[in-house]
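Visitor: Below is the file entry33.cif, with mmCIF, C-alpha atoms and all ligand atoms.
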```
data_model
#
loop_
_atom_site.group_PDB
_atom_site.id
_atom_site.type_symbol
_atom_site.label_atom_id
_atom_site.label_comp_id
_atom_site.auth_asym_id
_atom_site.auth_seq_id
_atom_site.Cartn_x
_atom_site.Cartn_y
_atom_site.Cartn_z
ATOM 1 C CA MET M 85 11.894 2.538 -17.431
ATOM 2 C CA ASN M 86 12.910 -0.780 -18.978
ATOM 3 C CA VAL M 87 13.225 -3.984 -17.007
ATOM 4 C CA SER M 88 17.015 -3.873 -16.764
ATOM 5 C CA GLN M 89 16.933 -0.559 -14.900
ATOM 6 C CA PRO M 90 17.034 -0.681 -11.113
ATOM 7 C CA PRO M 91 13.781 0.038 -9.313
ATOM 8 C CA PRO M 92 13.634 3.326 -7.443
ATOM 9 C CA LYS M 93 14.453 3.016 -3.756
ATOM 10 C CA ASN M 94 10.921 3.476 -2.554
ATOM 11 C CA ILE M 95 9.245 1.101 -0.129
ATOM 12 C CA VAL M 96 5.633 0.336 -0.979
ATOM 13 C CA LEU M 97 3.360 -1.159 1.680
ATOM 14 C CA ILE M 98 0.380 -3.226 0.603
ATOM 15 C CA GLY M 99 -2.050 -5.354 2.571
ATOM 16 C CA PHE M 100 -5.598 -5.709 3.747
ATOM 17 C CA MET M 101 -7.438 -3.074 5.771
ATOM 18 C CA GLY M 102 -6.183 -3.188 9.349
ATOM 19 C CA SER M 103 -2.909 -4.929 8.511
ATOM 20 C CA GLY M 104 -0.839 -2.042 9.911
ATOM 21 C CA LYS M 105 0.348 -0.274 6.730
ATOM 22 C CA SER M 106 -0.099 3.237 8.091
ATOM 23 C CA THR M 107 1.625 2.504 11.405
ATOM 24 C CA VAL M 108 4.543 0.691 9.799
ATOM 25 C CA GLY M 109 4.700 3.421 7.136
ATOM 26 C CA ARG M 110 5.114 6.077 9.823
ATOM 27 C CA GLU M 111 7.799 4.030 11.559
ATOM 28 C CA LEU M 112 9.768 3.603 8.294
ATOM 29 C CA HIS M 113 9.334 7.295 7.529
ATOM 30 C CA GLN M 114 10.777 8.205 10.928
ATOM 31 C CA ARG M 115 13.714 5.851 10.602
ATOM 32 C CA LEU M 116 14.684 6.636 7.024
ATOM 33 C CA GLY M 117 13.511 10.202 6.727
ATOM 34 C CA TYR M 118 11.933 9.343 3.358
ATOM 35 C CA SER M 119 8.750 11.253 2.726
ATOM 36 C CA LEU M 120 5.566 9.362 3.488
ATOM 37 C CA VAL M 121 2.794 9.112 0.937
ATOM 38 C CA ASP M 122 -0.347 7.761 2.565
ATOM 39 C CA MET M 123 -2.441 7.254 -0.543
ATOM 40 C CA ASP M 124 -5.795 7.342 1.267
ATOM 41 C CA GLN M 125 -4.879 10.644 2.898
ATOM 42 C CA VAL M 126 -3.654 12.209 -0.354
ATOM 43 C CA ILE M 127 -6.866 11.180 -2.106
ATOM 44 C CA GLU M 128 -9.037 12.549 0.698
ATOM 45 C CA ARG M 129 -7.139 15.828 0.721
ATOM 46 C CA ARG M 130 -7.437 16.271 -3.022
ATOM 47 C CA ALA M 131 -11.090 15.327 -3.140
ATOM 48 C CA GLY M 132 -11.866 17.506 -0.140
ATOM 49 C CA LYS M 133 -13.886 14.686 1.386
ATOM 50 C CA SER M 134 -13.512 11.408 3.220
ATOM 51 C CA ILE M 135 -13.147 8.103 1.401
ATOM 52 C CA ALA M 136 -16.574 7.116 2.703
ATOM 53 C CA ALA M 137 -18.003 10.270 1.086
ATOM 54 C CA ILE M 138 -16.167 9.594 -2.196
ATOM 55 C CA PHE M 139 -17.672 6.089 -2.283
ATOM 56 C CA ALA M 140 -21.126 7.421 -1.403
ATOM 57 C CA VAL M 141 -21.178 10.354 -3.835
ATOM 58 C CA GLU M 142 -18.965 9.301 -6.735
ATOM 59 C CA GLY M 143 -18.865 5.539 -6.324
ATOM 60 C CA GLU M 144 -16.089 3.007 -5.820
ATOM 61 C CA LYS M 145 -14.979 3.182 -9.460
ATOM 62 C CA ALA M 146 -14.158 6.888 -9.092
ATOM 63 C CA PHE M 147 -12.070 6.109 -6.000
ATOM 64 C CA ARG M 148 -10.227 3.311 -7.827
ATOM 65 C CA ASP M 149 -9.467 5.708 -10.693
ATOM 66 C CA MET M 150 -8.047 8.192 -8.166
ATOM 67 C CA GLU M 151 -5.757 5.466 -6.833
ATOM 68 C CA THR M 152 -4.470 4.620 -10.304
ATOM 69 C CA GLU M 153 -4.024 8.305 -11.139
ATOM 70 C CA LEU M 154 -1.930 8.832 -8.025
ATOM 71 C CA LEU M 155 0.259 5.803 -8.769
ATOM 72 C CA GLU M 156 0.749 7.059 -12.346
ATOM 73 C CA GLU M 157 1.795 10.456 -10.962
ATOM 74 C CA LEU M 158 4.298 8.923 -8.568
ATOM 75 C CA MET M 159 5.675 6.839 -11.439
ATOM 76 C CA LEU M 160 5.972 9.880 -13.664
ATOM 77 C CA GLU M 161 8.034 11.645 -11.019
ATOM 78 C CA VAL M 162 10.388 8.685 -10.870
ATOM 79 C CA LEU M 163 10.737 8.638 -14.652
ATOM 80 C CA LYS M 164 11.263 12.394 -14.920
ATOM 81 C CA GLU M 165 13.825 12.903 -12.204
ATOM 82 C CA GLU M 166 16.819 10.674 -11.866
ATOM 83 C CA ASP M 167 17.077 11.828 -8.261
ATOM 84 C CA ALA M 168 13.393 11.643 -7.417
ATOM 85 C CA PRO M 169 12.821 11.851 -3.659
ATOM 86 C CA ARG M 170 12.664 8.465 -1.982
ATOM 87 C CA ARG M 171 9.346 7.596 -0.513
ATOM 88 C CA ILE M 172 7.459 5.270 1.752
ATOM 89 C CA ILE M 173 4.180 4.644 -0.038
ATOM 90 C CA SER M 174 1.361 3.346 2.097
ATOM 91 C CA THR M 175 -1.532 2.106 -0.031
ATOM 92 C CA GLY M 176 -5.224 1.398 0.492
ATOM 93 C CA GLY M 177 -6.147 -2.268 0.883
ATOM 94 C CA GLY M 178 -7.837 -2.562 -2.502
ATOM 95 C CA VAL M 179 -5.107 -0.975 -4.602
ATOM 96 C CA ILE M 180 -4.001 -4.379 -5.926
ATOM 97 C CA GLY M 181 -7.393 -4.938 -7.580
ATOM 98 C CA CYS M 182 -6.370 -3.992 -11.101
ATOM 99 C CA GLU M 183 -3.449 -5.281 -13.084
ATOM 100 C CA ARG M 184 -2.212 -1.818 -14.039
ATOM 101 C CA ASN M 185 -1.877 -0.897 -10.364
ATOM 102 C CA ARG M 186 -0.021 -4.100 -9.545
ATOM 103 C CA GLU M 187 2.420 -3.354 -12.332
ATOM 104 C CA LEU M 188 2.853 0.265 -11.209
ATOM 105 C CA LEU M 189 3.411 -0.776 -7.595
ATOM 106 C CA ARG M 190 6.256 -3.125 -8.564
ATOM 107 C CA ARG M 191 7.865 -0.515 -10.764
ATOM 108 C CA LEU M 192 7.634 2.069 -7.987
ATOM 109 C CA GLY M 193 9.847 0.217 -5.557
ATOM 110 C CA TYR M 194 10.157 -2.645 -3.104
ATOM 111 C CA VAL M 195 6.663 -3.938 -2.473
ATOM 112 C CA VAL M 196 6.014 -5.345 0.998
ATOM 113 C CA TRP M 197 2.794 -7.222 1.766
ATOM 114 C CA LEU M 198 1.851 -6.994 5.418
ATOM 115 C CA HIS M 199 -0.536 -9.693 6.451
ATOM 116 C CA ALA M 200 -2.275 -9.900 9.767
ATOM 117 C CA PRO M 201 -4.352 -12.728 11.258
ATOM 118 C CA LEU M 202 -8.093 -12.535 10.544
ATOM 119 C CA ALA M 203 -8.868 -11.860 14.227
ATOM 120 C CA VAL M 204 -6.544 -8.846 14.247
ATOM 121 C CA ILE M 205 -8.081 -7.473 11.041
ATOM 122 C CA LEU M 206 -11.582 -7.887 12.436
ATOM 123 C CA ASP M 207 -10.617 -6.241 15.689
ATOM 124 C CA ARG M 208 -8.928 -3.249 14.047
ATOM 125 C CA THR M 209 -11.515 -2.707 11.339
ATOM 126 C CA GLY M 210 -14.319 -3.165 13.850
ATOM 127 C CA ARG M 211 -13.122 -0.180 15.875
ATOM 128 C CA ASN M 212 -14.156 2.456 13.391
ATOM 129 C CA ARG M 213 -16.773 2.946 10.700
ATOM 130 C CA GLU M 214 -14.533 4.737 8.234
ATOM 131 C CA ARG M 215 -14.247 1.924 5.722
ATOM 132 C CA PRO M 216 -17.140 1.959 3.290
ATOM 133 C CA LEU M 217 -16.581 -1.593 2.041
ATOM 134 C CA LEU M 218 -17.360 -2.850 5.528
ATOM 135 C CA HIS M 219 -20.623 -0.951 5.854
ATOM 136 C CA THR M 220 -22.625 -4.130 5.414
ATOM 137 C CA GLU M 221 -24.909 -6.377 7.424
ATOM 138 C CA ASP M 222 -22.143 -8.890 7.883
ATOM 139 C CA PRO M 223 -18.690 -7.261 7.895
ATOM 140 C CA VAL M 224 -17.018 -10.518 8.959
ATOM 141 C CA ALA M 225 -18.287 -12.338 5.870
ATOM 142 C CA ARG M 226 -17.259 -9.365 3.740
ATOM 143 C CA VAL M 227 -13.720 -9.388 5.159
ATOM 144 C CA GLU M 228 -13.425 -13.130 4.558
ATOM 145 C CA ALA M 229 -14.687 -12.854 0.989
ATOM 146 C CA LEU M 230 -12.434 -9.902 0.146
ATOM 147 C CA LEU M 231 -9.431 -11.611 1.709
ATOM 148 C CA ALA M 232 -10.006 -14.750 -0.352
ATOM 149 C CA LEU M 233 -10.252 -12.666 -3.530
ATOM 150 C CA ARG M 234 -7.282 -10.483 -2.779
ATOM 151 C CA LYS M 235 -4.677 -12.815 -1.298
ATOM 152 C CA PRO M 236 -3.424 -14.007 -4.699
ATOM 153 C CA LEU M 237 -3.299 -10.409 -5.913
ATOM 154 C CA TYR M 238 -1.226 -9.242 -2.940
ATOM 155 C CA ALA M 239 1.068 -12.226 -3.525
ATOM 156 C CA GLU M 240 1.415 -11.322 -7.196
ATOM 157 C CA ALA M 241 2.282 -7.694 -6.455
ATOM 158 C CA ALA M 242 4.639 -8.268 -3.525
ATOM 159 C CA HIS M 243 8.396 -8.681 -3.488
ATOM 160 C CA LEU M 244 8.223 -9.577 0.218
ATOM 161 C CA GLN M 245 5.472 -11.071 2.380
ATOM 162 C CA VAL M 246 5.558 -10.264 6.072
ATOM 163 C CA ASP M 247 3.510 -12.060 8.690
ATOM 164 C CA THR M 248 2.854 -9.330 11.243
ATOM 165 C CA ALA M 249 1.486 -11.620 13.983
ATOM 166 C CA GLY M 250 3.015 -10.816 17.354
ATOM 167 C CA LEU M 251 5.340 -8.106 16.030
ATOM 168 C CA ASP M 252 5.132 -4.394 16.722
ATOM 169 C CA ALA M 253 5.752 -1.638 14.176
ATOM 170 C CA CYS M 254 9.333 -1.206 15.337
ATOM 171 C CA GLU M 255 10.188 -4.900 14.867
ATOM 172 C CA LEU M 256 8.412 -4.979 11.528
ATOM 173 C CA ALA M 257 10.296 -1.928 10.268
ATOM 174 C CA THR M 258 13.627 -3.501 11.274
ATOM 175 C CA GLY M 259 12.846 -6.679 9.333
ATOM 176 C CA ILE M 260 11.606 -4.790 6.294
ATOM 177 C CA LEU M 261 14.689 -2.562 6.179
ATOM 178 C CA GLU M 262 17.031 -5.507 6.443
ATOM 179 C CA SER M 263 15.305 -7.238 3.591
ATOM 180 C CA ALA M 264 15.060 -4.050 1.497
ATOM 181 C CA ARG M 265 18.820 -3.628 1.751
ATOM 182 C CA TYR M 266 19.335 -7.072 0.211
ATOM 183 C CA PHE M 267 16.778 -6.359 -2.468
ATOM 184 C CA PHE M 268 18.267 -3.056 -3.503
ATOM 185 C CA SER M 269 21.852 -4.230 -3.274
ATOM 186 C CA GLY M 270 21.037 -6.892 -5.840
ATOM 187 C CA HIS M 271 19.796 -4.178 -8.154
ATOM 188 C CA TRP M 272 22.592 -1.637 -7.936
HETATM 189 C C1 LIG H 1 -10.064 -0.127 0.962
HETATM 190 C C2 LIG H 1 -9.186 0.116 2.002
HETATM 191 C C3 LIG H 1 -9.043 1.430 2.638
HETATM 192 C C4 LIG H 1 -9.459 2.539 1.683
HETATM 193 C C5 LIG H 1 -10.825 2.260 1.119
HETATM 194 C C6 LIG H 1 -10.898 0.939 0.368
HETATM 195 C C7 LIG H 1 -10.146 -1.491 0.391
HETATM 196 O O1 LIG H 1 -7.700 1.656 3.055
HETATM 197 O O2 LIG H 1 -8.520 2.664 0.628
HETATM 198 O O3 LIG H 1 -11.736 2.269 2.186
HETATM 199 O O4 LIG H 1 -10.700 -1.637 -0.707
HETATM 200 O O5 LIG H 1 -9.657 -2.435 1.050
HETATM 201 P P1 LIG H 1 -7.005 0.887 4.282
HETATM 202 O O6 LIG H 1 -6.467 -0.404 3.775
HETATM 203 O O7 LIG H 1 -5.893 1.813 4.685
HETATM 204 O O8 LIG H 1 -8.030 0.718 5.334
#
```
Output the structure of this file as structure tokens.

Guide:
Amino acid sequence: MNVSQPPPKNIVLIGFMGSGKSTVGRELHQRLGYSLVDMDQVIERRAGKSIAAIFAVEGEKAFRDMETELLEELMLEVLKEEDAPRRIISTGGGVIGCERNRELLRRLGYVVWLHAPLAVILDRTGRNRERPLLHTEDPVARVEALLALRKPLYAEAAHLQVDTAGLDACELATGILESARYFFSGHW
């Protein structure tokens, strides 16, 4: 796809762990009827194990490669089929770590960065032990450090930044859809 071609009408959700990507993804999926790709779930299904187990057995690098592979696959589908199915793509919080992924995300569709206040992230991520990056002595310090590293990368990848504070998934989906309509109308 060259730069003058319109982006496919996918909506891609990025943001830190606990920012609400999965919930908002489900809401958008219900409203639009687009299929939902929850990248973490696809990777777990394919690997036949949890993300925590992938990190423990194969290492973080292997997981990051799986993320890139999946984005490449989704991109290939878009390039192959003019009428590729439209999707809501909900990503893992670290997907923006490498430049190739950031580029793929933007070519895949309208990239929406959901950001939540630190207290909300800590509360949500503190409720379960599924996230291997937070299996540390001091998860709060780890969240703060990762957030500081990643904020500029989310900003670089995103077409739209959404402050989720005080809004529920329904309100967020309404705002995102409104904005996506403007975005896509400018490209068609
Ligand atoms: C990660 C976030 C997780 C998952 C993995 C790594 C990260 O997804 O992909 O544990 O690096 O921030 P969520 O953002 O859905 O929790």

Visitor: Residues within 9 Å of ligand LIG 1 (chain H) (all atoms listed in the file), as a count of residues only?

Guide: 34

Visitor: For each of M:Ile260, M:Val195, M:Glu187, M:Ala137, take the minimum atom-to-atom distance to Asn94 of chain M, counting all atoms listed in the file, then give the residue where this is smallest.

Guide: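 Nearest candidate to Asn94 of chain M out of M:Ile260, M:Val195, M:Glu187, M:Ala137: M:Val195.
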
Visitor: Exactly which residues make up the result of the PyMOL selection byres (((chain M and resi 257) around 10) and not hetatm) on this file, given as a PyMOL selection string?

Guide: chain M and resi 107-113+115+251-256+258-263

Visitor: Counting all atoms listed in the file, write as a list in words all protein and nucleic acid residues lying at most 10 Å from (14.7, -7.9, -5.6) in the file's frame.

Guide: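 Residues found, by chain and rising number: Pro90, Pro91, Gly193, Tyr194, Val195, His243, Leu244, Ser263, Ala264, Arg265, Tyr266, Phe267, Phe268, Ser269, Gly270 and His271 of chain M.
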
Visitor: M:Arg130, M:Arg208, M:Arg226, M:Arg186: which is nearest Glu240 of chain M, counting all atoms listed in the file?

Guide: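 Under the stated criterion, the closest residue is M:Arg186.
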
Visitor: For a quick check of understanding, using all atoms listed in the file, which of M:Leu237, M:Leu116, M:Leu160, M:Met150 has the smallest distance to Arg129 of chain M?

Guide: M:Met150

Visitor: Would you work out the distance separating atom CA of Glu157 of chain M from atom CA of Leu192 of chain M, expressed in Å to one decimal?

Guide: 10.6 Å

Visitor: Out of M:Val246, M:Ile95, M:Leu155, M:Ala232, which residue has the shortest atom-to-atom distance to His199 of chain M when counting all atoms listed in the file?

Guide: M:Val246

Visitor: Mind giving me the straight-line distance from atom CA of Arg171 of chain M to atom CA of Leu158 of chain M in Å, one decimal?

Guide: 9.6 Å

Visitor: Taking only N, CA, C and O atoms, show segment 177-190 of chain M of the given structure as a compact mmCIF listing (two decimals), in the first residue's frame.

Guide:
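What ended up in decode_20.txt:
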```
# COMPACT_ATOMS: atom_id res chain seq x y z
N GLY M 177 -0.35 -3.95 25.66
CA GLY M 177 0.21 -2.65 26.02
C GLY M 177 1.61 -2.35 25.51
O GLY M 177 1.99 -1.18 25.36
N GLY M 178 2.36 -3.39 25.19
CA GLY M 178 3.76 -3.16 24.78
C GLY M 178 3.97 -3.24 23.28
O GLY M 178 5.10 -3.19 22.80
N VAL M 179 2.86 -3.30 22.53
CA VAL M 179 2.99 -3.52 21.09
C VAL M 179 3.70 -2.37 20.37
O VAL M 179 4.29 -2.56 19.31
N ILE M 180 3.67 -1.19 21.00
CA ILE M 180 4.26 0.00 20.36
C ILE M 180 5.79 0.07 20.56
O ILE M 180 6.43 1.01 20.14
N GLY M 181 6.35 -0.97 21.19
CA GLY M 181 7.77 -0.93 21.53
C GLY M 181 8.71 -0.87 20.34
O GLY M 181 9.75 -0.22 20.41
N CYS M 182 8.35 -1.51 19.23
CA CYS M 182 9.30 -1.45 18.11
C CYS M 182 8.70 -0.66 16.95
O CYS M 182 7.48 -0.61 16.76
N GLU M 183 9.62 -0.05 16.20
CA GLU M 183 9.21 0.88 15.16
C GLU M 183 8.37 0.19 14.09
O GLU M 183 7.38 0.74 13.60
N ARG M 184 8.77 -1.03 13.74
CA ARG M 184 8.02 -1.78 12.73
C ARG M 184 6.55 -1.93 13.14
O ARG M 184 5.65 -1.75 12.33
N ASN M 185 6.32 -2.25 14.41
CA ASN M 185 4.94 -2.40 14.87
C ASN M 185 4.18 -1.07 14.79
O ASN M 185 3.02 -1.03 14.38
N ARG M 186 4.86 0.01 15.17
CA ARG M 186 4.16 1.31 15.14
C ARG M 186 3.74 1.64 13.70
O ARG M 186 2.64 2.12 13.45
N GLU M 187 4.62 1.32 12.79
CA GLU M 187 4.32 1.57 11.37
C GLU M 187 3.15 0.68 10.91
O GLU M 187 2.21 1.15 10.26
N LEU M 188 3.21 -0.59 11.29
CA LEU M 188 2.14 -1.52 10.90
C LEU M 188 0.80 -1.08 11.47
O LEU M 188 -0.23 -1.11 10.80
N LEU M 189 0.81 -0.67 12.74
CA LEU M 189 -0.44 -0.26 13.40
C LEU M 189 -1.09 0.88 12.61
O LEU M 189 -2.28 0.84 12.31
N ARG M 190 -0.29 1.87 12.22
CA ARG M 190 -0.85 3.03 11.51
C ARG M 190 -1.34 2.67 10.12
O ARG M 190 -2.26 3.29 9.60
```
